[in-house]
Every structure is written in C-alpha cells, then in structure tokens.
Amino acid sequence: MSAVSPLRGGWSLALLGLVRYRVIVILIATLVIAATFVPGFFEARTLSLGIDRVATMGLIAIGLTVVLIAGQLDLSGGAILALSGIAAVGLQESMGQVPAAIAGLGIGLLAGCCNGVLVVLLRINSLVATLASMLLFRAVCHLITDSRPVSGIDPFFGIPLTQPVLGTLSTRVFIFVVLILLLHVWLTRMVSGRNLFAVGSNATSAAASGIRSRWYLFGAFAFSGLMAGLAGVTFGIASNTGSPVFGDTIVLTAIAAVVIGGTRLEGGVGSALGTLGGLLTLAALTTAMEYQSIPAYVQDIVTGAILLLLILLDRLTHAKRGTDVSPTALLRRLSPKRDVARQHETERTPA
C-alpha cells in the first residue's frame, strides 16, 4: 500500500503540473512540430508573418478574454468586425479617412454597449443575446452593402499598418502586442482587474462585497465590442476593403485560442499571456499544416481535438485538494460501473 501511494501521488502531481502549464507545453510542442515541417520557421521574417496573421483575431481574443473571465460569452465579434470595417472603408468618401476610422471604432463600441444592455439590463443569457445580435449586425452589413464588398478611396492609406515598425513586426502586430500586455498589467496589477475575476467566479457574492458586478459585465461587453471594432477598422483599412462576409468564423477560432490559453468558460480564471500563448499555438499549428497542404477541414479537426482534450483535462483535474488524479483514478471516474454503483448506493440509502 505504501509503495502504491507515492506512485499515485507522482502521477497526480505530474498531471496537475501538465494541466497547470498546458499552454507552455502545447506551445513548445507546436513550435517543435512547426520547425520540423517548415524550413526556416524560426527566421524573423517567418515568425513575423505568423504573428501578423493572428493580429486581427488577437484583437477579438483580447475582448473575449475579458468577457470569458467575467463568466459571459460574446459571439458577435465577427459581425462587429465586418460592420466596423465597412464603416471605416465605406464612409471615407463622405467623411474622410481618419474620421471614417473613428466612426468604425465608435460603431464597434456602440455594438458592444448594445450587447451589454441585452445581458445586464434585460437579463438575457449572453449566449442567446450575442447570437441574436450577431445575426442582426450581419444582416445590417448585407443590407447597407447590398451583399457586395466596398472599397476605399485610397489603396495606399492602409500601407503603414502592414509596414514593419519594430524589427519585422508590422504596425497592427505592434498594436495587438501593446494592448495584450496592457491587459495583462490591468488583470494582474490593478484592483479593478482583480475584481473582474471575482465577478466571474460569483457575481452575486462580488456584488455583496461591494463590487459593482453589473457595471463590470457591461464594461466587458463594451470593451469586447471596441476590440472587435478595432480589428475591423485595421483589417478594412489594411486591405482597403469592407465586406459583409468578413469575420464569419473568426470568433469561434478566437474562443478556441482563449480557452487553449487557460481561460475557463465558467469564468473567474484566465490570463492575457495565456491568450497570447493560445494564439501563437494556433498560428504555428496553422502555418505547419498549410505548408504540408493539409485541407482546412482537417486543420479544424486538429484544433477541435486539442480544445476538447484541454477542456477534458481541466474538468477531470479541477477538483478539491487531495483528490486522486492519477490515470487509474481518472479512468475510474469515467467508468460507467462507477455510476451504477453510485445509483445502487443511493437506492439503499433510507429517505
């Protein structure tokens, strides 16, 4: 018995350590795989291109990190991206390029505030509310563009966004990195950032302790809308195009990156640097699979499998201290015989 206990404890500690640092483990494994299949993967130019491809999705992921930590969900980011991009590009002729970009940011913020009103004031479930707003915003995009892309007045206006400003990093990558680092500082160093975790863990208890939970929830949706608007404006200006179909699947991938980064869907747990790790993991994985000409649907299968594995590990190991999480114990918890034994035990228990 004494010989088994240390072994079981070792398995438990190893698995708990793996789950706790899963972002680092998966990122390192993905980088090794990508370097194996992609020649020159660690060259500065290749790395900068890989980061640049996730900059737009990263801006949406920044907003989603705040929303998910608050224990909510926002599915409307892709539609807000499209709407803000259309405004930033389509209004250039009538308003000018800079005012049109500001208008696009304002539309993103306003859309986020609308989500906040639906969830906080009208008390509609965030999944239902943002799903409805996603459909509404996407329909508005098709309505005002007649389902056609719109172009700006100057194709050279967005070139500075794609030009290197810090080594090989482009301007929009620099914006994304600065914002995610600022989010990290806010979440870890500011009292208001720590209050967000309390709201996500239990909004009622947080309100009872003096935290304005409803304002935090409203602010989370407003911030998410602003980040989606910024993503739409930068993407639209860089491509000199606004389209009602832009960002149709970007939110699901962004949610996957945030969850891979360690943020729990139930709220109360998450980090900005974890989100950055999740984004880099998906970027490296996508780059390696595209280099090998792997079909897009297979890439989605791989991403989904990683996401499900991480959620499963998180569920199995998120237990009280002292719970056995060795492989044998985890398999026992998944065994149907355990449920049958529990049912028999319940039937024998007197009322």
# chains A, B, ... in the order shown; residues from 1 in each chain; ligands from 1

call {"tool": "residues_around", "arguments": {"residues": "Leu75 of chain A", "least_positions_apart": "2", "cutoff": "9 Å", "atoms": "only C-alpha atoms", "output": "PyMOL selection string"}}
result
chain A and resi 73+77-79+126-127+129-131+133-134+251-252+255

call {"tool": "write_last_selection", "arguments": {"atoms": "N, CA and C atoms", "output": "PDB file, in the first residue's frame"}}
result
ATOM      1  N   LEU A  73     -20.260  35.182 -22.502  1.00  0.00           N
ATOM      2  CA  LEU A  73     -19.839  34.739 -23.830  1.00  0.00           C
ATOM      3  C   LEU A  73     -20.297  35.780 -24.847  1.00  0.00           C
ATOM      4  N   GLY A  77     -18.531  39.113 -32.222  1.00  0.00           N
ATOM      5  CA  GLY A  77     -17.316  39.816 -32.606  1.00  0.00           C
ATOM      6  C   GLY A  77     -17.064  39.830 -34.097  1.00  0.00           C
ATOM      7  N   GLY A  78     -17.319  38.729 -34.791  1.00  0.00           N
ATOM      8  CA  GLY A  78     -17.088  38.682 -36.230  1.00  0.00           C
ATOM      9  C   GLY A  78     -18.005  39.628 -36.994  1.00  0.00           C
ATOM     10  N   ALA A  79     -19.271  39.688 -36.587  1.00  0.00           N
ATOM     11  CA  ALA A  79     -20.216  40.588 -37.246  1.00  0.00           C
ATOM     12  C   ALA A  79     -19.858  42.050 -36.961  1.00  0.00           C
ATOM     13  N   SER A 126     -26.210  35.521 -22.141  1.00  0.00           N
ATOM     14  CA  SER A 126     -25.236  36.105 -23.060  1.00  0.00           C
ATOM     15  C   SER A 126     -25.097  35.314 -24.350  1.00  0.00           C
ATOM     16  N   LEU A 127     -25.232  33.995 -24.278  1.00  0.00           N
ATOM     17  CA  LEU A 127     -25.154  33.185 -25.495  1.00  0.00           C
ATOM     18  C   LEU A 127     -26.289  33.540 -26.443  1.00  0.00           C
ATOM     19  N   ALA A 129     -28.235  36.304 -26.340  1.00  0.00           N
ATOM     20  CA  ALA A 129     -28.213  37.729 -26.689  1.00  0.00           C
ATOM     21  C   ALA A 129     -27.196  38.024 -27.789  1.00  0.00           C
ATOM     22  N   THR A 130     -25.978  37.513 -27.640  1.00  0.00           N
ATOM     23  CA  THR A 130     -24.946  37.812 -28.636  1.00  0.00           C
ATOM     24  C   THR A 130     -25.148  37.024 -29.924  1.00  0.00           C
ATOM     25  N   LEU A 131     -25.809  35.870 -29.841  1.00  0.00           N
ATOM     26  CA  LEU A 131     -26.168  35.155 -31.063  1.00  0.00           C
ATOM     27  C   LEU A 131     -27.177  35.969 -31.867  1.00  0.00           C
ATOM     28  N   SER A 133     -27.666  39.276 -31.640  1.00  0.00           N
ATOM     29  CA  SER A 133     -27.017  40.492 -32.140  1.00  0.00           C
ATOM     30  C   SER A 133     -26.069  40.182 -33.285  1.00  0.00           C
ATOM     31  N   MET A 134     -25.434  39.020 -33.253  1.00  0.00           N
ATOM     32  CA  MET A 134     -24.576  38.614 -34.361  1.00  0.00           C
ATOM     33  C   MET A 134     -25.376  38.528 -35.662  1.00  0.00           C
ATOM     34  N   VAL A 251     -14.663  34.365 -34.696  1.00  0.00           N
ATOM     35  CA  VAL A 251     -14.965  34.343 -33.269  1.00  0.00           C
ATOM     36  C   VAL A 251     -14.754  32.949 -32.689  1.00  0.00           C
ATOM     37  N   LEU A 252     -15.177  31.924 -33.398  1.00  0.00           N
ATOM     38  CA  LEU A 252     -15.017  30.565 -32.891  1.00  0.00           C
ATOM     39  C   LEU A 252     -13.537  30.216 -32.722  1.00  0.00           C
ATOM     40  N   ILE A 255     -12.253  32.147 -29.691  1.00  0.00           N
ATOM     41  CA  ILE A 255     -12.664  31.495 -28.446  1.00  0.00           C
ATOM     42  C   ILE A 255     -11.785  30.278 -28.181  1.00  0.00           C
TER      43      ILE A 255
END

call {"tool": "closest_atom_pairs", "arguments": {"of": "segment 50-132 of chain A", "to": "segment 156-178 of chain A", "cutoff": "10 Å", "atoms": "only C-alpha atoms", "output": "CSV"}}
result
residue,atom,partner,partner_atom,distance
A:Ile51,CA,A:Val173,CA,7.0
A:Asp52,CA,A:Val173,CA,5.7
A:Arg53,CA,A:Val173,CA,8.9
A:Val54,CA,A:Val173,CA,8.4
A:Ala55,CA,A:Val173,CA,5.4
A:Thr56,CA,A:Arg172,CA,8.0
A:Met57,CA,A:Phe176,CA,9.5
A:Gly58,CA,A:Phe176,CA,6.7
A:Leu59,CA,A:Phe176,CA,6.1
A:Ile60,CA,A:Phe176,CA,9.8
A:Ile62,CA,A:Phe176,CA,8.6
A:Gln97,CA,A:Phe157,CA,8.1
A:Val98,CA,A:Phe157,CA,9.8

call {"tool": "atom_distance", "arguments": {"atom1": "atom CA of Ser201 of chain A", "atom2": "atom CA of Ala220 of chain A"}}
result
14.6 Å

call {"tool": "residues_around", "arguments": {"residues": "Ala61 of chain A", "least_positions_apart": "4", "cutoff": "9 Å", "atoms": "only C-alpha atoms", "output": "list of chain:residue names"}}
result
A:Thr56, A:Met57, A:Thr65, A:Val66, A:Ser224, A:Met227, A:Ala228, A:Val251, A:Thr253, A:Ala254, A:Ile255, A:Ala257, A:Val258, A:Thr275, A:Leu276, A:Leu279

call {"tool": "residues_around", "arguments": {"residues": "Thr188 of chain A", "least_positions_apart": "3", "cutoff": "12 Å", "atoms": "only C-alpha atoms", "output": "list in words"}}
result
Leu181, Leu182, Leu183, His184, Val185, Val191, Ser192, Gly193, Arg194, Asn195, Leu196, Phe197, Val269, Gly270, Ser271, Ala272 and Leu273 of chain A

call {"tool": "select_by_dssp", "arguments": {"residues": "segment 169-327 of chain A", "states": "alpha helix (DSSP H)", "output": "PyMOL selection string"}}
result
chain A and resi 171-189+191-201+203-208+213-239+250-260+272-291+296-317+327

call {"tool": "residues_around", "arguments": {"residues": "segment 88-90 of chain A", "least_positions_apart": "3", "cutoff": "6 Å", "atoms": "only C-alpha atoms", "output": "JSON, numbers by chain"}}
result
{"A": [85, 100, 101, 104, 152, 233, 242]}

call {"tool": "write_last_selection", "arguments": {"atoms": "all heavy atoms", "output": "compact mmCIF listing (two decimals), in the first residue's frame"}}
result
# COMPACT_ATOMS: atom_id res chain seq x y z
N GLY A 85 -15.55 47.49 -40.18
CA GLY A 85 -14.71 47.59 -41.36
C GLY A 85 -15.43 48.26 -42.52
O GLY A 85 -14.85 49.07 -43.25
N ALA A 100 -13.62 58.47 -40.74
CA ALA A 100 -14.30 57.20 -41.02
C ALA A 100 -13.77 56.09 -40.13
O ALA A 100 -14.54 55.25 -39.64
CB ALA A 100 -14.14 56.83 -42.49
N ALA A 101 -12.46 56.09 -39.89
CA ALA A 101 -11.87 55.08 -39.00
C ALA A 101 -12.39 55.27 -37.58
O ALA A 101 -12.71 54.29 -36.88
CB ALA A 101 -10.35 55.17 -39.04
N GLY A 104 -15.80 53.93 -37.37
CA GLY A 104 -15.80 52.48 -37.27
C GLY A 104 -15.55 52.01 -35.85
O GLY A 104 -16.21 51.07 -35.37
N GLY A 152 -12.19 51.53 -50.45
CA GLY A 152 -11.84 52.86 -50.00
C GLY A 152 -11.39 53.74 -51.14
O GLY A 152 -11.26 53.30 -52.30
N VAL A 233 -11.59 47.80 -38.20
CA VAL A 233 -11.03 49.02 -38.78
C VAL A 233 -9.64 48.76 -39.33
O VAL A 233 -9.32 49.14 -40.48
CB VAL A 233 -11.01 50.15 -37.74
CG1 VAL A 233 -10.20 51.34 -38.25
CG2 VAL A 233 -12.44 50.59 -37.41
N GLY A 242 -14.09 46.59 -47.34
CA GLY A 242 -15.04 46.19 -46.32
C GLY A 242 -16.04 45.22 -46.93
O GLY A 242 -16.53 45.46 -48.03

call {"tool": "atom_distance", "arguments": {"atom1": "atom CA of Gly106 of chain A", "atom2": "atom CA of Leu226 of chain A"}}
result
7.5 Å

call {"tool": "closest_residue", "arguments": {"among": "A:Leu110, A:Ile33, A:Ala238, A:Ala208", "to": "Ser151 of chain A", "atoms": "only C-alpha atoms"}}
result
A:Ala238

call {"tool": "atom_distance", "arguments": {"atom1": "atom CA of Leu187 of chain A", "atom2": "atom CA of Asp74 of chain A"}}
result
19.2 Å

call {"tool": "closest_residue", "arguments": {"among": "A:Ala288, A:Val120, A:Val245, A:Val199", "to": "Arg148 of chain A", "atoms": "only C-alpha atoms"}}
result
A:Val245

call {"tool": "closest_residue", "arguments": {"among": "A:Tyr297, A:Phe221, A:Phe235, A:Tyr291", "to": "Ser76 of chain A", "atoms": "only C-alpha atoms"}}
result
A:Phe221

call {"tool": "residues_around", "arguments": {"residues": "Leu121 of chain A", "least_positions_apart": "3", "cutoff": "9 Å", "atoms": "only C-alpha atoms", "output": "list in words"}}
result
Gly116, Val117, Leu118, Ile124, Arg214 and Phe218 of chain A

call {"tool": "residues_around", "arguments": {"residues": "Gly229 of chain A", "least_positions_apart": "5", "cutoff": "6 Å", "atoms": "only C-alpha atoms", "output": "number ranges by chain"}}
result
A: 81, 84, 105, 108

call {"tool": "write_last_selection", "arguments": {"atoms": "N, CA and C atoms", "output": "compact mmCIF listing (two decimals), in the first residue's frame"}}
result
# COMPACT_ATOMS: atom_id res chain seq x y z
N LEU A 81 -16.84 43.12 -36.37
CA LEU A 81 -15.66 43.35 -37.21
C LEU A 81 -16.07 43.76 -38.62
N SER A 84 -17.82 47.32 -38.58
CA SER A 84 -16.87 48.40 -38.35
C SER A 84 -15.96 48.59 -39.56
N LEU A 105 -14.63 52.67 -35.15
CA LEU A 105 -14.39 52.34 -33.75
C LEU A 105 -15.62 52.62 -32.90
N GLY A 108 -18.19 49.93 -33.31
CA GLY A 108 -17.84 48.74 -32.53
C GLY A 108 -18.17 48.91 -31.06

call {"tool": "decode", "arguments": {"residues": "segment 199-220 of chain A", "atoms": "N, CA, C and O atoms", "output": "JSON list (two decimals), in the first residue's frame"}}
result
[["chain", "number", "residue", "atom", "x", "y", "z"],
["A", 199, "VAL", "N", -16.02, 38.84, -10.04],
["A", 199, "VAL", "CA", -17.33, 38.87, -10.70],
["A", 199, "VAL", "C", -17.54, 37.59, -11.50],
["A", 199, "VAL", "O", -18.62, 37.01, -11.49],
["A", 200, "GLY", "N", -16.51, 37.13, -12.20],
["A", 200, "GLY", "CA", -16.64, 35.90, -12.98],
["A", 200, "GLY", "C", -16.82, 34.67, -12.13],
["A", 200, "GLY", "O", -17.51, 33.73, -12.52],
["A", 201, "SER", "N", -16.20, 34.65, -10.95],
["A", 201, "SER", "CA", -16.35, 33.50, -10.05],
["A", 201, "SER", "C", -17.75, 33.43, -9.47],
["A", 201, "SER", "O", -18.37, 32.37, -9.43],
["A", 202, "ASN", "N", -18.25, 34.56, -8.99],
["A", 202, "ASN", "CA", -19.60, 34.60, -8.41],
["A", 202, "ASN", "C", -20.03, 36.06, -8.37],
["A", 202, "ASN", "O", -19.63, 36.81, -7.49],
["A", 203, "ALA", "N", -20.86, 36.44, -9.34],
["A", 203, "ALA", "CA", -21.27, 37.84, -9.45],
["A", 203, "ALA", "C", -22.09, 38.28, -8.25],
["A", 203, "ALA", "O", -21.97, 39.43, -7.79],
["A", 204, "THR", "N", -22.91, 37.38, -7.71],
["A", 204, "THR", "CA", -23.74, 37.73, -6.56],
["A", 204, "THR", "C", -22.89, 38.01, -5.33],
["A", 204, "THR", "O", -23.09, 39.00, -4.62],
["A", 205, "SER", "N", -21.92, 37.13, -5.07],
["A", 205, "SER", "CA", -21.04, 37.34, -3.93],
["A", 205, "SER", "C", -20.18, 38.59, -4.11],
["A", 205, "SER", "O", -19.92, 39.32, -3.15],
["A", 206, "ALA", "N", -19.74, 38.84, -5.35],
["A", 206, "ALA", "CA", -18.95, 40.03, -5.61],
["A", 206, "ALA", "C", -19.77, 41.30, -5.35],
["A", 206, "ALA", "O", -19.27, 42.26, -4.76],
["A", 207, "ALA", "N", -21.04, 41.28, -5.76],
["A", 207, "ALA", "CA", -21.91, 42.43, -5.50],
["A", 207, "ALA", "C", -22.14, 42.62, -4.01],
["A", 207, "ALA", "O", -22.19, 43.74, -3.51],
["A", 208, "ALA", "N", -22.27, 41.50, -3.28],
["A", 208, "ALA", "CA", -22.48, 41.59, -1.83],
["A", 208, "ALA", "C", -21.26, 42.16, -1.12],
["A", 208, "ALA", "O", -21.39, 42.76, -0.04],
["A", 209, "SER", "N", -20.07, 42.00, -1.72],
["A", 209, "SER", "CA", -18.85, 42.52, -1.11],
["A", 209, "SER", "C", -18.54, 43.95, -1.55],
["A", 209, "SER", "O", -17.48, 44.48, -1.22],
["A", 210, "GLY", "N", -19.45, 44.57, -2.29],
["A", 210, "GLY", "CA", -19.28, 45.97, -2.67],
["A", 210, "GLY", "C", -18.81, 46.20, -4.08],
["A", 210, "GLY", "O", -18.61, 47.35, -4.48],
["A", 211, "ILE", "N", -18.60, 45.15, -4.86],
["A", 211, "ILE", "CA", -18.16, 45.29, -6.25],
["A", 211, "ILE", "C", -19.38, 45.50, -7.14],
["A", 211, "ILE", "O", -20.38, 44.78, -7.02],
["A", 212, "ARG", "N", -19.32, 46.48, -8.01],
["A", 212, "ARG", "CA", -20.43, 46.76, -8.92],
["A", 212, "ARG", "C", -20.39, 45.75, -10.08],
["A", 212, "ARG", "O", -19.90, 46.05, -11.17],
["A", 213, "SER", "N", -20.92, 44.59, -9.84],
["A", 213, "SER", "CA", -20.83, 43.49, -10.80],
["A", 213, "SER", "C", -21.47, 43.84, -12.13],
["A", 213, "SER", "O", -20.93, 43.52, -13.21],
["A", 214, "ARG", "N", -22.62, 44.50, -12.09],
["A", 214, "ARG", "CA", -23.34, 44.79, -13.34],
["A", 214, "ARG", "C", -22.54, 45.75, -14.21],
["A", 214, "ARG", "O", -22.54, 45.62, -15.44],
["A", 215, "TRP", "N", -21.84, 46.70, -13.60],
["A", 215, "TRP", "CA", -21.03, 47.62, -14.37],
["A", 215, "TRP", "C", -19.83, 46.89, -14.98],
["A", 215, "TRP", "O", -19.41, 47.20, -16.11],
["A", 216, "TYR", "N", -19.27, 45.95, -14.25],
["A", 216, "TYR", "CA", -18.15, 45.17, -14.80],
["A", 216, "TYR", "C", -18.61, 44.34, -16.00],
["A", 216, "TYR", "O", -17.90, 44.25, -17.00],
["A", 217, "LEU", "N", -19.78, 43.73, -15.89],
["A", 217, "LEU", "CA", -20.30, 42.94, -17.01],
["A", 217, "LEU", "C", -20.58, 43.82, -18.22],
["A", 217, "LEU", "O", -20.25, 43.48, -19.36],
["A", 218, "PHE", "N", -21.21, 44.97, -17.97],
["A", 218, "PHE", "CA", -21.49, 45.89, -19.07],
["A", 218, "PHE", "C", -20.18, 46.36, -19.71],
["A", 218, "PHE", "O", -20.06, 46.42, -20.94],
["A", 219, "GLY", "N", -19.20, 46.72, -18.88],
["A", 219, "GLY", "CA", -17.92, 47.16, -19.41],
["A", 219, "GLY", "C", -17.20, 46.08, -20.20],
["A", 219, "GLY", "O", -16.51, 46.38, -21.18],
["A", 220, "ALA", "N", -17.36, 44.82, -19.79],
["A", 220, "ALA", "CA", -16.72, 43.73, -20.51],
["A", 220, "ALA", "C", -17.26, 43.63, -21.93],
["A", 220, "ALA", "O", -16.49, 43.47, -22.90]]
